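Peer 1: Supplied structure: run.txt, compact mmCIF, N, CA and C atoms.
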```
# COMPACT_ATOMS: atom_id res chain seq x y z
N MET V 1 84.76 160.07 96.38
CA MET V 1 83.37 159.93 96.78
C MET V 1 83.27 159.52 98.26
N ALA V 2 84.17 158.64 98.71
CA ALA V 2 84.14 158.20 100.10
C ALA V 2 84.39 159.36 101.06
N ALA V 3 85.33 160.21 100.71
CA ALA V 3 85.63 161.36 101.56
C ALA V 3 84.43 162.30 101.64
N SER V 4 83.76 162.50 100.52
CA SER V 4 82.58 163.36 100.48
C SER V 4 81.46 162.77 101.33
N PHE V 5 81.23 161.47 101.20
CA PHE V 5 80.21 160.79 102.00
C PHE V 5 80.55 160.89 103.48
N ALA V 6 81.80 160.61 103.84
CA ALA V 6 82.22 160.66 105.24
C ALA V 6 82.08 162.07 105.81
N THR V 7 82.40 163.07 105.03
CA THR V 7 82.27 164.46 105.48
C THR V 7 80.80 164.83 105.69
N GLU V 8 79.94 164.35 104.79
CA GLU V 8 78.50 164.60 104.92
C GLU V 8 77.97 163.95 106.20
N ARG V 9 78.34 162.71 106.45
CA ARG V 9 77.87 162.02 107.65
C ARG V 9 78.49 162.62 108.91
N LEU V 10 79.72 163.10 108.80
CA LEU V 10 80.36 163.78 109.93
C LEU V 10 79.51 164.97 110.37
N ALA V 11 79.06 165.77 109.43
CA ALA V 11 78.26 166.96 109.77
C ALA V 11 76.99 166.56 110.52
N VAL V 12 76.34 165.50 110.07
CA VAL V 12 75.11 165.03 110.72
C VAL V 12 75.41 164.57 112.14
N TRP V 13 76.40 163.70 112.29
CA TRP V 13 76.69 163.11 113.60
C TRP V 13 77.37 164.10 114.54
N GLN V 14 78.12 165.01 114.01
CA GLN V 14 78.75 166.04 114.85
C GLN V 14 77.67 166.86 115.54
N LYS V 15 76.61 167.18 114.81
CA LYS V 15 75.49 167.93 115.39
C LYS V 15 74.74 167.07 116.40
N ARG V 16 74.45 165.84 116.03
CA ARG V 16 73.70 164.94 116.92
C ARG V 16 74.44 164.69 118.24
N LEU V 17 75.76 164.62 118.18
CA LEU V 17 76.55 164.33 119.37
C LEU V 17 77.04 165.60 120.05
N ASP V 18 76.49 166.74 119.63
CA ASP V 18 76.77 168.04 120.24
C ASP V 18 78.27 168.38 120.24
N LEU V 19 78.87 168.20 119.08
CA LEU V 19 80.30 168.51 118.92
C LEU V 19 80.50 169.63 117.90
N GLN V 20 79.49 170.52 117.74
CA GLN V 20 79.58 171.57 116.74
C GLN V 20 80.68 172.58 117.03
N ASP V 21 81.11 172.66 118.29
CA ASP V 21 82.17 173.62 118.62
C ASP V 21 83.56 173.10 118.29
N TRP V 22 83.62 171.92 117.70
CA TRP V 22 84.89 171.33 117.28
C TRP V 22 85.08 171.54 115.78
N ASN V 23 86.34 171.70 115.38
CA ASN V 23 86.70 171.74 113.96
C ASN V 23 87.24 170.34 113.64
N ILE V 24 86.44 169.55 112.93
CA ILE V 24 86.77 168.14 112.66
C ILE V 24 86.84 167.92 111.16
N ALA V 25 87.89 167.26 110.74
CA ALA V 25 88.06 166.91 109.33
C ALA V 25 88.11 165.39 109.19
N VAL V 26 87.71 164.92 108.00
CA VAL V 26 87.79 163.50 107.67
C VAL V 26 88.80 163.33 106.55
N VAL V 27 89.67 162.35 106.70
CA VAL V 27 90.69 162.05 105.71
C VAL V 27 90.59 160.56 105.36
N VAL V 28 90.68 160.23 104.10
CA VAL V 28 90.70 158.84 103.66
C VAL V 28 92.14 158.34 103.74
N ALA V 29 92.33 157.15 104.35
CA ALA V 29 93.68 156.61 104.54
C ALA V 29 93.74 155.17 104.04
N ARG V 30 94.86 154.82 103.48
CA ARG V 30 95.08 153.44 103.04
C ARG V 30 95.33 152.56 104.26
N ALA V 31 95.10 151.27 104.11
CA ALA V 31 95.22 150.32 105.21
C ALA V 31 96.60 150.39 105.86
N GLY V 32 97.64 150.58 105.07
CA GLY V 32 99.01 150.64 105.60
C GLY V 32 99.27 151.85 106.48
N GLU V 33 98.41 152.86 106.40
CA GLU V 33 98.56 154.05 107.22
C GLU V 33 97.85 153.92 108.57
N LEU V 34 97.06 152.86 108.72
CA LEU V 34 96.30 152.63 109.94
C LEU V 34 96.90 151.45 110.70
N LYS V 35 96.59 151.36 111.99
CA LYS V 35 97.03 150.20 112.76
C LYS V 35 96.39 148.96 112.17
N PRO V 36 97.07 147.81 112.26
CA PRO V 36 96.49 146.58 111.73
C PRO V 36 95.12 146.30 112.35
N LYS V 37 94.22 145.78 111.54
CA LYS V 37 92.88 145.39 111.95
C LYS V 37 92.02 146.57 112.43
N THR V 38 92.33 147.78 111.96
CA THR V 38 91.48 148.93 112.28
C THR V 38 90.93 149.52 110.99
N LEU V 39 89.82 150.22 111.12
CA LEU V 39 89.16 150.83 109.96
C LEU V 39 89.25 152.34 109.99
N GLY V 40 89.90 152.86 111.02
CA GLY V 40 90.03 154.30 111.15
C GLY V 40 90.63 154.67 112.49
N ASN V 41 90.78 155.97 112.70
CA ASN V 41 91.25 156.48 113.99
C ASN V 41 90.92 157.96 114.08
N ILE V 42 91.22 158.52 115.24
CA ILE V 42 91.00 159.95 115.44
C ILE V 42 92.16 160.49 116.26
N HIS V 43 92.59 161.69 115.91
CA HIS V 43 93.60 162.43 116.67
C HIS V 43 93.00 163.79 116.95
N TRP V 44 93.10 164.22 118.23
CA TRP V 44 92.48 165.48 118.60
C TRP V 44 93.41 166.33 119.44
N ASP V 45 93.06 167.60 119.50
CA ASP V 45 93.71 168.57 120.37
C ASP V 45 92.61 169.19 121.21
N LEU V 46 92.56 168.81 122.49
CA LEU V 46 91.48 169.29 123.37
C LEU V 46 91.47 170.80 123.52
N GLU V 47 92.64 171.39 123.65
CA GLU V 47 92.70 172.84 123.86
C GLU V 47 92.20 173.61 122.64
N LYS V 48 92.61 173.18 121.46
CA LYS V 48 92.22 173.87 120.23
C LYS V 48 90.85 173.41 119.71
N LYS V 49 90.35 172.31 120.27
CA LYS V 49 89.11 171.70 119.81
C LYS V 49 89.15 171.40 118.31
N THR V 50 90.24 170.74 117.92
CA THR V 50 90.38 170.29 116.55
C THR V 50 90.60 168.78 116.55
N ALA V 51 90.18 168.13 115.46
CA ALA V 51 90.35 166.69 115.35
C ALA V 51 90.40 166.29 113.88
N VAL V 52 91.08 165.17 113.64
CA VAL V 52 91.12 164.57 112.30
C VAL V 52 90.73 163.11 112.45
N ILE V 53 89.70 162.73 111.71
CA ILE V 53 89.26 161.33 111.66
C ILE V 53 89.79 160.74 110.36
N ARG V 54 90.45 159.61 110.48
CA ARG V 54 90.90 158.89 109.28
C ARG V 54 90.01 157.67 109.10
N VAL V 55 89.49 157.50 107.88
CA VAL V 55 88.66 156.35 107.53
C VAL V 55 89.36 155.56 106.44
N LEU V 56 89.11 154.26 106.43
CA LEU V 56 89.74 153.37 105.47
C LEU V 56 89.34 153.70 104.04
N ASP V 57 90.32 153.72 103.16
CA ASP V 57 90.10 153.97 101.74
C ASP V 57 89.24 152.86 101.15
N PRO V 58 88.25 153.20 100.32
CA PRO V 58 87.42 152.17 99.67
C PRO V 58 88.23 151.13 98.90
N ALA V 59 89.39 151.51 98.40
CA ALA V 59 90.23 150.56 97.68
C ALA V 59 90.67 149.39 98.55
N ASP V 60 90.64 149.57 99.87
CA ASP V 60 91.07 148.52 100.79
C ASP V 60 89.91 147.72 101.37
N TYR V 61 88.69 148.04 100.98
CA TYR V 61 87.54 147.27 101.44
C TYR V 61 87.31 146.07 100.53
N LYS V 62 86.81 145.00 101.11
CA LYS V 62 86.47 143.82 100.34
C LYS V 62 85.01 143.46 100.63
N MET V 63 84.13 144.43 100.40
CA MET V 63 82.69 144.22 100.61
C MET V 63 81.93 145.05 99.60
N PRO V 64 80.65 144.75 99.41
CA PRO V 64 79.84 145.52 98.46
C PRO V 64 79.76 147.00 98.86
N PHE V 65 79.54 147.83 97.86
CA PHE V 65 79.54 149.28 98.04
C PHE V 65 78.60 149.78 99.14
N PRO V 66 77.32 149.36 99.16
CA PRO V 66 76.43 149.88 100.22
C PRO V 66 76.93 149.55 101.63
N GLU V 67 77.43 148.34 101.81
CA GLU V 67 77.95 147.94 103.12
C GLU V 67 79.21 148.72 103.46
N MET V 68 80.02 149.02 102.46
CA MET V 68 81.23 149.82 102.68
C MET V 68 80.86 151.21 103.19
N LEU V 69 79.85 151.84 102.57
CA LEU V 69 79.43 153.16 103.02
C LEU V 69 78.89 153.11 104.46
N GLN V 70 78.15 152.08 104.79
CA GLN V 70 77.66 151.92 106.16
C GLN V 70 78.83 151.77 107.13
N ASP V 71 79.86 151.06 106.71
CA ASP V 71 81.02 150.85 107.57
C ASP V 71 81.80 152.16 107.76
N ILE V 72 81.90 152.95 106.72
CA ILE V 72 82.56 154.25 106.84
C ILE V 72 81.78 155.14 107.81
N GLU V 73 80.45 155.13 107.70
CA GLU V 73 79.65 155.92 108.63
C GLU V 73 79.84 155.41 110.06
N PHE V 74 79.89 154.09 110.24
CA PHE V 74 80.13 153.52 111.57
C PHE V 74 81.46 154.03 112.12
N THR V 75 82.48 154.06 111.29
CA THR V 75 83.80 154.55 111.73
C THR V 75 83.72 156.00 112.18
N VAL V 76 83.02 156.83 111.43
CA VAL V 76 82.87 158.25 111.80
C VAL V 76 82.18 158.36 113.15
N VAL V 77 81.07 157.66 113.34
CA VAL V 77 80.33 157.73 114.60
C VAL V 77 81.19 157.20 115.74
N HIS V 78 81.85 156.08 115.52
CA HIS V 78 82.73 155.48 116.52
C HIS V 78 83.78 156.47 116.99
N GLU V 79 84.44 157.12 116.06
CA GLU V 79 85.51 158.06 116.42
C GLU V 79 84.95 159.30 117.11
N LEU V 80 83.76 159.75 116.73
CA LEU V 80 83.14 160.90 117.40
C LEU V 80 82.79 160.56 118.85
N ILE V 81 82.38 159.33 119.10
CA ILE V 81 82.10 158.92 120.48
C ILE V 81 83.38 158.96 121.30
N HIS V 82 84.49 158.50 120.72
CA HIS V 82 85.78 158.62 121.41
C HIS V 82 86.04 160.09 121.76
N LEU V 83 85.76 160.97 120.82
CA LEU V 83 85.99 162.39 121.04
C LEU V 83 85.13 162.93 122.19
N ASN V 84 83.90 162.45 122.28
CA ASN V 84 83.04 162.86 123.39
C ASN V 84 83.62 162.45 124.74
N PHE V 85 84.30 161.32 124.79
CA PHE V 85 84.90 160.84 126.03
C PHE V 85 86.28 161.43 126.31
N ALA V 86 86.88 162.07 125.33
CA ALA V 86 88.26 162.55 125.46
C ALA V 86 88.52 163.39 126.70
N PRO V 87 87.68 164.36 127.03
CA PRO V 87 87.98 165.18 128.22
C PRO V 87 88.02 164.36 129.51
N VAL V 88 87.21 163.33 129.60
CA VAL V 88 87.15 162.50 130.81
C VAL V 88 88.29 161.50 130.83
N LEU V 89 88.51 160.84 129.72
CA LEU V 89 89.48 159.75 129.68
C LEU V 89 90.93 160.21 129.61
N SER V 90 91.16 161.44 129.21
CA SER V 90 92.54 161.90 129.03
C SER V 90 93.32 161.91 130.34
N ASP V 91 92.63 162.06 131.47
CA ASP V 91 93.31 162.12 132.76
C ASP V 91 93.49 160.74 133.42
N LEU V 92 92.88 159.72 132.86
CA LEU V 92 92.96 158.39 133.45
C LEU V 92 94.23 157.67 133.03
N GLN V 93 94.67 156.75 133.88
CA GLN V 93 95.79 155.89 133.52
C GLN V 93 95.31 154.92 132.45
N ARG V 94 95.96 154.94 131.31
CA ARG V 94 95.53 154.08 130.20
C ARG V 94 96.30 152.78 130.22
N SER V 95 95.60 151.69 129.99
CA SER V 95 96.22 150.36 129.89
C SER V 95 95.59 149.64 128.71
N ASP V 96 96.21 148.55 128.29
CA ASP V 96 95.63 147.77 127.20
C ASP V 96 94.24 147.27 127.58
N ALA V 97 94.08 146.87 128.84
CA ALA V 97 92.79 146.34 129.30
C ALA V 97 91.70 147.39 129.23
N ASN V 98 91.95 148.60 129.76
CA ASN V 98 90.87 149.58 129.71
C ASN V 98 90.67 150.16 128.31
N ARG V 99 91.68 150.11 127.47
CA ARG V 99 91.49 150.51 126.07
C ARG V 99 90.56 149.52 125.36
N ARG V 100 90.74 148.23 125.64
CA ARG V 100 89.85 147.22 125.06
C ARG V 100 88.42 147.43 125.53
N GLU V 101 88.26 147.72 126.82
CA GLU V 101 86.93 147.98 127.37
C GLU V 101 86.31 149.22 126.74
N GLU V 102 87.12 150.25 126.55
CA GLU V 102 86.63 151.47 125.90
C GLU V 102 86.16 151.16 124.48
N GLU V 103 86.97 150.43 123.72
CA GLU V 103 86.60 150.07 122.35
C GLU V 103 85.30 149.28 122.33
N HIS V 104 85.16 148.35 123.25
CA HIS V 104 83.95 147.54 123.33
C HIS V 104 82.73 148.44 123.58
N ALA V 105 82.83 149.34 124.55
CA ALA V 105 81.73 150.24 124.88
C ALA V 105 81.41 151.18 123.72
N VAL V 106 82.44 151.75 123.10
CA VAL V 106 82.24 152.68 121.98
C VAL V 106 81.58 151.95 120.80
N ASN V 107 82.00 150.73 120.53
CA ASN V 107 81.38 149.95 119.45
C ASN V 107 79.89 149.74 119.72
N HIS V 108 79.53 149.38 120.95
CA HIS V 108 78.12 149.16 121.28
C HIS V 108 77.31 150.44 121.14
N MET V 109 77.86 151.56 121.58
CA MET V 109 77.14 152.83 121.46
C MET V 109 76.96 153.22 120.00
N ALA V 110 78.00 153.07 119.19
CA ALA V 110 77.91 153.41 117.77
C ALA V 110 76.87 152.52 117.08
N GLU V 111 76.90 151.23 117.38
CA GLU V 111 75.92 150.31 116.79
C GLU V 111 74.50 150.70 117.17
N ALA V 112 74.28 151.05 118.43
CA ALA V 112 72.94 151.41 118.89
C ALA V 112 72.46 152.70 118.21
N LEU V 113 73.32 153.70 118.13
CA LEU V 113 72.94 154.95 117.49
C LEU V 113 72.61 154.74 116.01
N LEU V 114 73.43 153.97 115.33
CA LEU V 114 73.20 153.73 113.90
C LEU V 114 71.95 152.88 113.67
N LYS V 115 71.69 151.94 114.56
CA LYS V 115 70.48 151.13 114.43
C LYS V 115 69.24 152.02 114.55
N LEU V 116 69.25 152.94 115.50
CA LEU V 116 68.13 153.88 115.66
C LEU V 116 67.99 154.76 114.42
N ASP V 117 69.11 155.20 113.88
CA ASP V 117 69.10 156.10 112.72
C ASP V 117 68.60 155.40 111.46
N ARG V 118 68.91 154.14 111.33
CA ARG V 118 68.61 153.41 110.08
C ARG V 118 67.24 152.73 110.07
N LYS V 119 66.48 152.86 111.16
CA LYS V 119 65.13 152.24 111.18
C LYS V 119 64.18 153.01 110.32
```
Can the structure in the file be given as structure tokens, please?
Peer 2:
Amino acid sequence: MAASFATERLAVWQKRLDLQDWNIAVVVARAGELKPKTLGNIHWDLEKKTAVIRVLDPADYKMPFPEMLQDIEFTVVHELIHLNFAPVLSDLQRSDANRREEEHAVNHMAEALLKLDRK
């Protein structure tokens, strides 16, 4: 059910963020398959315009169901925002400091978009 929900929300947000020319899939992943303290990730190929978003398996959540679904949607939006920045950021020198700044900015954008959507 989580994969179906994530795929449904992906279609909505992919259109809203103008990423329809990308082939993007969502995969449910267990916590051990993700970096510690993360709820998902994205891997993309800029040339092929393909990407895979991994979201945390519901079995690894410790929150009520409605909040879990909201968190999965947040992860999808968060990773799509990263994808929007990929062409620009791929040429920059990456460091731990600017990765933290990127995560901070992406989190704020995802929160703002979802707040507007959920009103």
Peer 1: For Asn41 of chain V, which residue among V:Leu19, V:Met63, V:Thr75, V:Glu101 is the nearest when counting all atoms listed in the file?
Peer 2: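 Closest to Asn41 of chain V of all the choices is V:Thr75.
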Peer 1: My list of candidates is V:Ala11, V:Ala86, V:Leu116, V:Leu80. Which is closest to Leu46 of chain V when distances are computed with only C-alpha atoms?
Peer 2: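 Comparing V:Ala11, V:Ala86, V:Leu116, V:Leu80 against Leu46 of chain V, the winner is V:Ala86.
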Peer 1: Using only N, CA and C atoms, find the one residue out of V:Lys35, V:Arg9, V:Lys119, V:Lys48 that sits nearest to Val76 of chain V.
Peer 2: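 Result for the nearest residue to Val76 of chain V: V:Arg9.
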Peer 1: When DSSP works through the backbone of this structure, what residues of chain V end up as helix (DSSP H, G or I), shown as a ChimeraX atom specification?
Peer 2: /V:2-16,31-33,58-60,65-89,96-118
Peer 1: Go through V:Ala59, V:Glu79, V:Val27, V:Gly40 one by one, measure the shortest atom-to-atom distance of each to Thr7 of chain V using all atoms listed in the file, and give the residue with the smallest value.
Peer 2: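 Result for the nearest residue to Thr7 of chain V: V:Val27.
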